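What's in model17.cif: mmCIF, N, CA and C atoms and all ligand atoms
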```cif
data_input
#
loop_
_atom_site.label_atom_id
_atom_site.label_comp_id
_atom_site.auth_asym_id
_atom_site.auth_seq_id
_atom_site.Cartn_x
_atom_site.Cartn_y
_atom_site.Cartn_z
N MET Q 226 -49.85 -91.25 45.09
CA MET Q 226 -49.64 -92.19 46.20
C MET Q 226 -50.89 -92.97 46.52
N GLU Q 227 -51.95 -92.70 45.79
CA GLU Q 227 -53.19 -93.41 46.08
C GLU Q 227 -53.20 -94.79 45.45
N LYS Q 228 -53.72 -95.74 46.21
CA LYS Q 228 -53.76 -97.10 45.68
C LYS Q 228 -55.06 -97.34 44.93
N VAL Q 229 -54.99 -97.32 43.64
CA VAL Q 229 -56.17 -97.61 42.84
C VAL Q 229 -55.87 -98.87 42.03
N THR Q 230 -56.61 -99.91 42.33
CA THR Q 230 -56.33 -101.17 41.67
C THR Q 230 -57.25 -101.39 40.48
N SER Q 231 -56.67 -101.50 39.36
CA SER Q 231 -57.34 -101.82 38.09
C SER Q 231 -58.67 -101.09 37.90
N GLY Q 232 -58.63 -99.77 38.09
CA GLY Q 232 -59.80 -98.97 37.79
C GLY Q 232 -60.99 -99.19 38.69
N LYS Q 233 -60.80 -99.87 39.81
CA LYS Q 233 -61.92 -100.07 40.73
C LYS Q 233 -62.25 -98.76 41.42
N ARG Q 234 -63.53 -98.50 41.58
CA ARG Q 234 -63.91 -97.27 42.26
C ARG Q 234 -64.92 -97.55 43.34
N LEU Q 235 -64.87 -96.74 44.38
CA LEU Q 235 -65.83 -96.87 45.45
C LEU Q 235 -67.09 -96.13 45.04
N ARG Q 236 -68.19 -96.85 45.01
CA ARG Q 236 -69.44 -96.23 44.60
C ARG Q 236 -70.46 -96.33 45.71
N THR Q 237 -71.43 -95.45 45.67
CA THR Q 237 -72.49 -95.48 46.67
C THR Q 237 -73.76 -96.01 46.02
N CYS Q 238 -74.33 -97.02 46.62
CA CYS Q 238 -75.55 -97.61 46.07
C CYS Q 238 -76.69 -96.60 46.16
N ARG Q 239 -77.39 -96.45 45.05
CA ARG Q 239 -78.48 -95.48 45.02
C ARG Q 239 -79.67 -95.91 45.87
N ALA Q 240 -79.79 -97.20 46.06
CA ALA Q 240 -80.96 -97.70 46.77
C ALA Q 240 -80.75 -97.78 48.28
N CYS Q 241 -79.59 -98.29 48.72
CA CYS Q 241 -79.40 -98.48 50.16
C CYS Q 241 -78.30 -97.59 50.73
N GLY Q 242 -77.55 -96.91 49.88
CA GLY Q 242 -76.54 -96.00 50.35
C GLY Q 242 -75.24 -96.67 50.77
N LYS Q 243 -75.17 -97.95 50.54
CA LYS Q 243 -73.96 -98.68 50.90
C LYS Q 243 -72.84 -98.33 49.92
N GLN Q 244 -71.62 -98.32 50.45
CA GLN Q 244 -70.49 -98.07 49.57
C GLN Q 244 -69.94 -99.41 49.11
N PHE Q 245 -69.71 -99.49 47.83
CA PHE Q 245 -69.19 -100.75 47.29
C PHE Q 245 -68.21 -100.46 46.17
N GLU Q 246 -67.36 -101.44 45.95
CA GLU Q 246 -66.37 -101.29 44.89
C GLU Q 246 -66.97 -101.76 43.58
N TYR Q 247 -66.64 -101.04 42.55
CA TYR Q 247 -67.13 -101.40 41.24
C TYR Q 247 -66.09 -101.05 40.20
N PRO Q 248 -65.85 -101.88 39.22
CA PRO Q 248 -66.43 -103.22 39.08
C PRO Q 248 -65.65 -104.28 39.84
N VAL Q 249 -66.33 -105.29 40.31
CA VAL Q 249 -65.70 -106.41 40.99
C VAL Q 249 -66.01 -107.68 40.20
N LYS Q 250 -64.97 -108.44 39.93
CA LYS Q 250 -65.14 -109.66 39.15
C LYS Q 250 -66.11 -110.61 39.84
N GLY Q 251 -67.08 -111.11 39.10
CA GLY Q 251 -68.01 -112.09 39.65
C GLY Q 251 -69.13 -111.47 40.46
N SER Q 252 -69.13 -110.14 40.58
CA SER Q 252 -70.19 -109.47 41.33
C SER Q 252 -71.26 -108.97 40.36
N ALA Q 253 -72.51 -109.05 40.80
CA ALA Q 253 -73.61 -108.63 39.93
C ALA Q 253 -73.87 -107.14 40.05
N ALA Q 254 -73.13 -106.47 40.92
CA ALA Q 254 -73.36 -105.05 41.16
C ALA Q 254 -73.24 -104.24 39.87
N THR Q 255 -74.03 -103.19 39.78
CA THR Q 255 -73.94 -102.28 38.64
C THR Q 255 -73.35 -100.97 39.12
N ARG Q 256 -73.26 -100.03 38.21
CA ARG Q 256 -72.67 -98.75 38.59
C ARG Q 256 -73.45 -98.05 39.69
N HIS Q 257 -74.76 -98.26 39.70
CA HIS Q 257 -75.59 -97.51 40.65
C HIS Q 257 -76.15 -98.35 41.78
N HIS Q 258 -76.04 -99.65 41.67
CA HIS Q 258 -76.62 -100.49 42.71
C HIS Q 258 -75.65 -101.58 43.16
N CYS Q 259 -75.64 -101.80 44.49
CA CYS Q 259 -74.77 -102.83 45.04
C CYS Q 259 -75.33 -104.21 44.70
N GLU Q 260 -74.55 -105.20 45.04
CA GLU Q 260 -74.90 -106.58 44.69
C GLU Q 260 -76.25 -106.99 45.24
N GLU Q 261 -76.55 -106.54 46.45
CA GLU Q 261 -77.82 -106.94 47.07
C GLU Q 261 -79.01 -106.26 46.40
N CYS Q 262 -78.87 -104.99 46.13
CA CYS Q 262 -79.99 -104.24 45.59
C CYS Q 262 -80.28 -104.59 44.13
N VAL Q 263 -79.28 -105.11 43.46
CA VAL Q 263 -79.49 -105.52 42.08
C VAL Q 263 -80.57 -106.61 42.02
N GLN Q 264 -80.67 -107.39 43.09
CA GLN Q 264 -81.61 -108.49 43.09
C GLN Q 264 -83.01 -108.09 43.56
N VAL Q 265 -83.13 -106.87 44.00
CA VAL Q 265 -84.44 -106.38 44.45
C VAL Q 265 -85.27 -106.04 43.21
N PRO Q 266 -86.55 -106.44 43.19
CA PRO Q 266 -87.40 -106.11 42.05
C PRO Q 266 -87.42 -104.61 41.79
N THR Q 267 -87.47 -104.23 40.53
CA THR Q 267 -87.35 -102.83 40.14
C THR Q 267 -88.31 -101.92 40.89
N HIS Q 268 -89.58 -102.34 41.02
CA HIS Q 268 -90.55 -101.43 41.63
C HIS Q 268 -90.22 -101.16 43.10
N LEU Q 269 -89.59 -102.13 43.77
CA LEU Q 269 -89.20 -101.91 45.16
C LEU Q 269 -87.92 -101.07 45.23
N ARG Q 270 -87.07 -101.28 44.25
CA ARG Q 270 -85.83 -100.53 44.24
C ARG Q 270 -86.11 -99.05 44.02
N VAL Q 271 -87.12 -98.77 43.22
CA VAL Q 271 -87.50 -97.38 42.97
C VAL Q 271 -87.91 -96.72 44.29
N VAL Q 272 -88.67 -97.45 45.10
CA VAL Q 272 -89.09 -96.92 46.40
C VAL Q 272 -87.86 -96.70 47.28
N ALA Q 273 -86.98 -97.68 47.29
CA ALA Q 273 -85.77 -97.57 48.11
C ALA Q 273 -84.94 -96.36 47.69
N GLU Q 274 -84.87 -96.13 46.39
CA GLU Q 274 -84.10 -94.99 45.90
C GLU Q 274 -84.71 -93.67 46.34
N ARG Q 275 -86.04 -93.65 46.34
CA ARG Q 275 -86.73 -92.43 46.74
C ARG Q 275 -86.44 -92.14 48.21
N LEU Q 276 -86.56 -93.17 49.05
CA LEU Q 276 -86.30 -92.99 50.47
C LEU Q 276 -84.85 -92.61 50.72
N SER Q 277 -83.97 -93.23 49.98
CA SER Q 277 -82.55 -92.96 50.13
C SER Q 277 -82.25 -91.51 49.78
N ALA Q 278 -82.91 -91.01 48.73
CA ALA Q 278 -82.70 -89.62 48.33
C ALA Q 278 -83.22 -88.68 49.42
N ARG Q 279 -84.35 -89.06 50.02
CA ARG Q 279 -84.89 -88.22 51.09
C ARG Q 279 -83.96 -88.18 52.28
N LEU Q 280 -83.40 -89.35 52.62
CA LEU Q 280 -82.46 -89.42 53.73
C LEU Q 280 -81.25 -88.52 53.46
N ALA Q 281 -80.73 -88.60 52.26
CA ALA Q 281 -79.57 -87.80 51.91
C ALA Q 281 -79.90 -86.32 52.08
N ASN Q 282 -81.12 -85.97 51.68
CA ASN Q 282 -81.57 -84.59 51.81
C ASN Q 282 -81.62 -84.17 53.27
N LEU Q 283 -82.21 -85.02 54.09
CA LEU Q 283 -82.33 -84.72 55.51
C LEU Q 283 -80.95 -84.59 56.16
N GLU Q 284 -80.05 -85.47 55.76
CA GLU Q 284 -78.70 -85.42 56.32
C GLU Q 284 -78.03 -84.09 55.97
N ARG Q 285 -78.26 -83.65 54.75
CA ARG Q 285 -77.68 -82.39 54.32
C ARG Q 285 -78.25 -81.24 55.16
N GLN Q 286 -79.56 -81.28 55.37
CA GLN Q 286 -80.18 -80.21 56.16
C GLN Q 286 -79.70 -80.23 57.59
N LEU Q 287 -79.53 -81.43 58.12
CA LEU Q 287 -79.07 -81.59 59.49
C LEU Q 287 -77.68 -80.98 59.66
N LYS Q 288 -76.84 -81.23 58.68
CA LYS Q 288 -75.49 -80.70 58.74
C LYS Q 288 -75.51 -79.18 58.72
N ARG Q 289 -76.46 -78.63 57.95
CA ARG Q 289 -76.54 -77.18 57.86
C ARG Q 289 -76.99 -76.58 59.18
N LEU Q 290 -77.81 -77.35 59.94
CA LEU Q 290 -78.32 -76.84 61.20
C LEU Q 290 -77.26 -76.89 62.30
N GLN Q 291 -76.31 -77.81 62.13
CA GLN Q 291 -75.28 -77.92 63.15
C GLN Q 291 -74.28 -76.78 63.00
N PRO Q 292 -73.99 -76.11 64.11
CA PRO Q 292 -73.01 -75.03 64.04
C PRO Q 292 -71.62 -75.60 63.76
N PRO Q 293 -70.79 -74.86 63.06
CA PRO Q 293 -69.43 -75.34 62.79
C PRO Q 293 -68.70 -75.55 64.10
N SER Q 294 -67.89 -76.62 64.14
CA SER Q 294 -67.27 -77.00 65.39
C SER Q 294 -66.07 -76.12 65.72
N THR Q 295 -66.38 -74.90 66.13
CA THR Q 295 -65.30 -73.99 66.55
C THR Q 295 -65.34 -73.88 68.06
N PRO Q 296 -64.21 -73.86 68.69
CA PRO Q 296 -64.17 -73.75 70.17
C PRO Q 296 -64.77 -72.42 70.62
N PRO Q 297 -65.51 -72.44 71.73
CA PRO Q 297 -66.13 -71.19 72.22
C PRO Q 297 -65.08 -70.14 72.53
N ALA Q 298 -65.35 -68.91 72.12
CA ALA Q 298 -64.37 -67.84 72.29
C ALA Q 298 -64.33 -67.35 73.74
ZN ZN Y 301 -77.65 -101.38 47.77
#
```
Go through the file and emit its structure as structure tokens.
Amino acid sequence: MEKVTSGKRLRTCRACGKQFEYPVKGSAATRHHCEECVQVPTHLRVVAERLSARLANLERQLKRLQPPSTPPA
């Protein structure tokens, strides 16, 4: 029942974390980078990817610190 149009998939940009569809006709986006980040010079994109990975890590840790949302007994 899922609507999947012509093999398009929702991907997460490695540099900015944005979700984008790939492949899209006429879009410069690649499998790992959205249309905007593709135009960023490689050396800056590397930095963005590093920060993005750190953020993802922090988010994971934050989730672990949050108690599961169970109603108080
Ligand atoms: Zn991006």
Requested in this report: Show me which residues sit within 12 Å of ligand ZN 301 (chain Y) when counting only C-alpha atoms and all ligand atoms, and put them as number ranges by chain.
Outcome: Q: 236-246, 253-265, 269-271, 273-274, 277
Apply DSSP to the structure's backbone, then extract all residues of chain Q labelled alpha helix (DSSP H) and return them as a PDB file with N, CA and C atoms, in the coordinates of the input.
```
ATOM      1  N   GLU Q 260     -74.550-105.200  45.040  1.00  0.00           N
ATOM      2  CA  GLU Q 260     -74.900-106.580  44.690  1.00  0.00           C
ATOM      3  C   GLU Q 260     -76.250-106.990  45.240  1.00  0.00           C
ATOM      4  N   GLU Q 261     -76.550-106.540  46.450  1.00  0.00           N
ATOM      5  CA  GLU Q 261     -77.820-106.940  47.070  1.00  0.00           C
ATOM      6  C   GLU Q 261     -79.010-106.260  46.400  1.00  0.00           C
ATOM      7  N   CYS Q 262     -78.870-104.990  46.130  1.00  0.00           N
ATOM      8  CA  CYS Q 262     -79.990-104.240  45.590  1.00  0.00           C
ATOM      9  C   CYS Q 262     -80.280-104.590  44.130  1.00  0.00           C
ATOM     10  N   VAL Q 263     -79.280-105.110  43.460  1.00  0.00           N
ATOM     11  CA  VAL Q 263     -79.490-105.520  42.080  1.00  0.00           C
ATOM     12  C   VAL Q 263     -80.570-106.610  42.020  1.00  0.00           C
ATOM     13  N   THR Q 267     -87.470-104.230  40.530  1.00  0.00           N
ATOM     14  CA  THR Q 267     -87.350-102.830  40.140  1.00  0.00           C
ATOM     15  C   THR Q 267     -88.310-101.920  40.890  1.00  0.00           C
ATOM     16  N   HIS Q 268     -89.580-102.340  41.020  1.00  0.00           N
ATOM     17  CA  HIS Q 268     -90.550-101.430  41.630  1.00  0.00           C
ATOM     18  C   HIS Q 268     -90.220-101.160  43.100  1.00  0.00           C
ATOM     19  N   LEU Q 269     -89.590-102.130  43.770  1.00  0.00           N
ATOM     20  CA  LEU Q 269     -89.200-101.910  45.160  1.00  0.00           C
ATOM     21  C   LEU Q 269     -87.920-101.070  45.230  1.00  0.00           C
ATOM     22  N   ARG Q 270     -87.070-101.280  44.250  1.00  0.00           N
ATOM     23  CA  ARG Q 270     -85.830-100.530  44.240  1.00  0.00           C
ATOM     24  C   ARG Q 270     -86.110 -99.050  44.020  1.00  0.00           C
ATOM     25  N   VAL Q 271     -87.120 -98.770  43.220  1.00  0.00           N
ATOM     26  CA  VAL Q 271     -87.500 -97.380  42.970  1.00  0.00           C
ATOM     27  C   VAL Q 271     -87.910 -96.720  44.290  1.00  0.00           C
ATOM     28  N   VAL Q 272     -88.670 -97.450  45.100  1.00  0.00           N
ATOM     29  CA  VAL Q 272     -89.090 -96.920  46.400  1.00  0.00           C
ATOM     30  C   VAL Q 272     -87.860 -96.700  47.280  1.00  0.00           C
ATOM     31  N   ALA Q 273     -86.980 -97.680  47.290  1.00  0.00           N
ATOM     32  CA  ALA Q 273     -85.770 -97.570  48.110  1.00  0.00           C
ATOM     33  C   ALA Q 273     -84.940 -96.360  47.690  1.00  0.00           C
ATOM     34  N   GLU Q 274     -84.870 -96.130  46.390  1.00  0.00           N
ATOM     35  CA  GLU Q 274     -84.100 -94.990  45.900  1.00  0.00           C
ATOM     36  C   GLU Q 274     -84.710 -93.670  46.340  1.00  0.00           C
ATOM     37  N   ARG Q 275     -86.040 -93.650  46.340  1.00  0.00           N
ATOM     38  CA  ARG Q 275     -86.730 -92.430  46.740  1.00  0.00           C
ATOM     39  C   ARG Q 275     -86.440 -92.140  48.210  1.00  0.00           C
ATOM     40  N   LEU Q 276     -86.560 -93.170  49.050  1.00  0.00           N
ATOM     41  CA  LEU Q 276     -86.300 -92.990  50.470  1.00  0.00           C
ATOM     42  C   LEU Q 276     -84.850 -92.610  50.720  1.00  0.00           C
ATOM     43  N   SER Q 277     -83.970 -93.230  49.980  1.00  0.00           N
ATOM     44  CA  SER Q 277     -82.550 -92.960  50.130  1.00  0.00           C
ATOM     45  C   SER Q 277     -82.250 -91.510  49.780  1.00  0.00           C
ATOM     46  N   ALA Q 278     -82.910 -91.010  48.730  1.00  0.00           N
ATOM     47  CA  ALA Q 278     -82.700 -89.620  48.330  1.00  0.00           C
ATOM     48  C   ALA Q 278     -83.220 -88.680  49.420  1.00  0.00           C
ATOM     49  N   ARG Q 279     -84.350 -89.060  50.020  1.00  0.00           N
ATOM     50  CA  ARG Q 279     -84.890 -88.220  51.090  1.00  0.00           C
ATOM     51  C   ARG Q 279     -83.960 -88.180  52.280  1.00  0.00           C
ATOM     52  N   LEU Q 280     -83.400 -89.350  52.620  1.00  0.00           N
ATOM     53  CA  LEU Q 280     -82.460 -89.420  53.730  1.00  0.00           C
ATOM     54  C   LEU Q 280     -81.250 -88.520  53.460  1.00  0.00           C
ATOM     55  N   ALA Q 281     -80.730 -88.600  52.260  1.00  0.00           N
ATOM     56  CA  ALA Q 281     -79.570 -87.800  51.910  1.00  0.00           C
ATOM     57  C   ALA Q 281     -79.900 -86.320  52.080  1.00  0.00           C
ATOM     58  N   ASN Q 282     -81.120 -85.970  51.680  1.00  0.00           N
ATOM     59  CA  ASN Q 282     -81.570 -84.590  51.810  1.00  0.00           C
ATOM     60  C   ASN Q 282     -81.620 -84.170  53.270  1.00  0.00           C
ATOM     61  N   LEU Q 283     -82.210 -85.020  54.090  1.00  0.00           N
ATOM     62  CA  LEU Q 283     -82.330 -84.720  55.510  1.00  0.00           C
ATOM     63  C   LEU Q 283     -80.950 -84.590  56.160  1.00  0.00           C
ATOM     64  N   GLU Q 284     -80.050 -85.470  55.760  1.00  0.00           N
ATOM     65  CA  GLU Q 284     -78.700 -85.420  56.320  1.00  0.00           C
ATOM     66  C   GLU Q 284     -78.030 -84.090  55.970  1.00  0.00           C
ATOM     67  N   ARG Q 285     -78.260 -83.650  54.750  1.00  0.00           N
ATOM     68  CA  ARG Q 285     -77.680 -82.390  54.320  1.00  0.00           C
ATOM     69  C   ARG Q 285     -78.250 -81.240  55.160  1.00  0.00           C
ATOM     70  N   GLN Q 286     -79.560 -81.280  55.370  1.00  0.00           N
ATOM     71  CA  GLN Q 286     -80.180 -80.210  56.160  1.00  0.00           C
ATOM     72  C   GLN Q 286     -79.700 -80.230  57.590  1.00  0.00           C
ATOM     73  N   LEU Q 287     -79.530 -81.430  58.120  1.00  0.00           N
ATOM     74  CA  LEU Q 287     -79.070 -81.590  59.490  1.00  0.00           C
ATOM     75  C   LEU Q 287     -77.680 -80.980  59.660  1.00  0.00           C
ATOM     76  N   LYS Q 288     -76.840 -81.230  58.680  1.00  0.00           N
ATOM     77  CA  LYS Q 288     -75.490 -80.700  58.740  1.00  0.00           C
ATOM     78  C   LYS Q 288     -75.510 -79.180  58.720  1.00  0.00           C
ATOM     79  N   ARG Q 289     -76.460 -78.630  57.950  1.00  0.00           N
ATOM     80  CA  ARG Q 289     -76.540 -77.180  57.860  1.00  0.00           C
ATOM     81  C   ARG Q 289     -76.990 -76.580  59.180  1.00  0.00           C
ATOM     82  N   LEU Q 290     -77.810 -77.350  59.940  1.00  0.00           N
ATOM     83  CA  LEU Q 290     -78.320 -76.840  61.200  1.00  0.00           C
ATOM     84  C   LEU Q 290     -77.260 -76.890  62.300  1.00  0.00           C
TER      85      LEU Q 290
END
```
Query - atom C of Thr267 of chain Q to atom N of Arg279 of chain Q, straight-line distance in Å - result: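 Value for the atom N of Arg279 of chain Q-atom C of Thr267 of chain Q distance: 16.3 Å.
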Report summary line: A straight line from atom CA of Gly232 of chain Q to atom C of Gly251 of chain Q spans 15.8 Å
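For the pair atom CA of Ser252 of chain Q and atom N of Pro266 of chain Q, the separation is 16.7 Å.
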Edge lengths and centre in Å, axis-aligned, segment 278-286 of chain Q plus 8 Å each side, as AutoDock Vina command-line options:
```
--center_x -81.3 --center_y -85.6 --center_z 53.0 --size_x 23.2 --size_y 26.8 --size_z 25.3
```
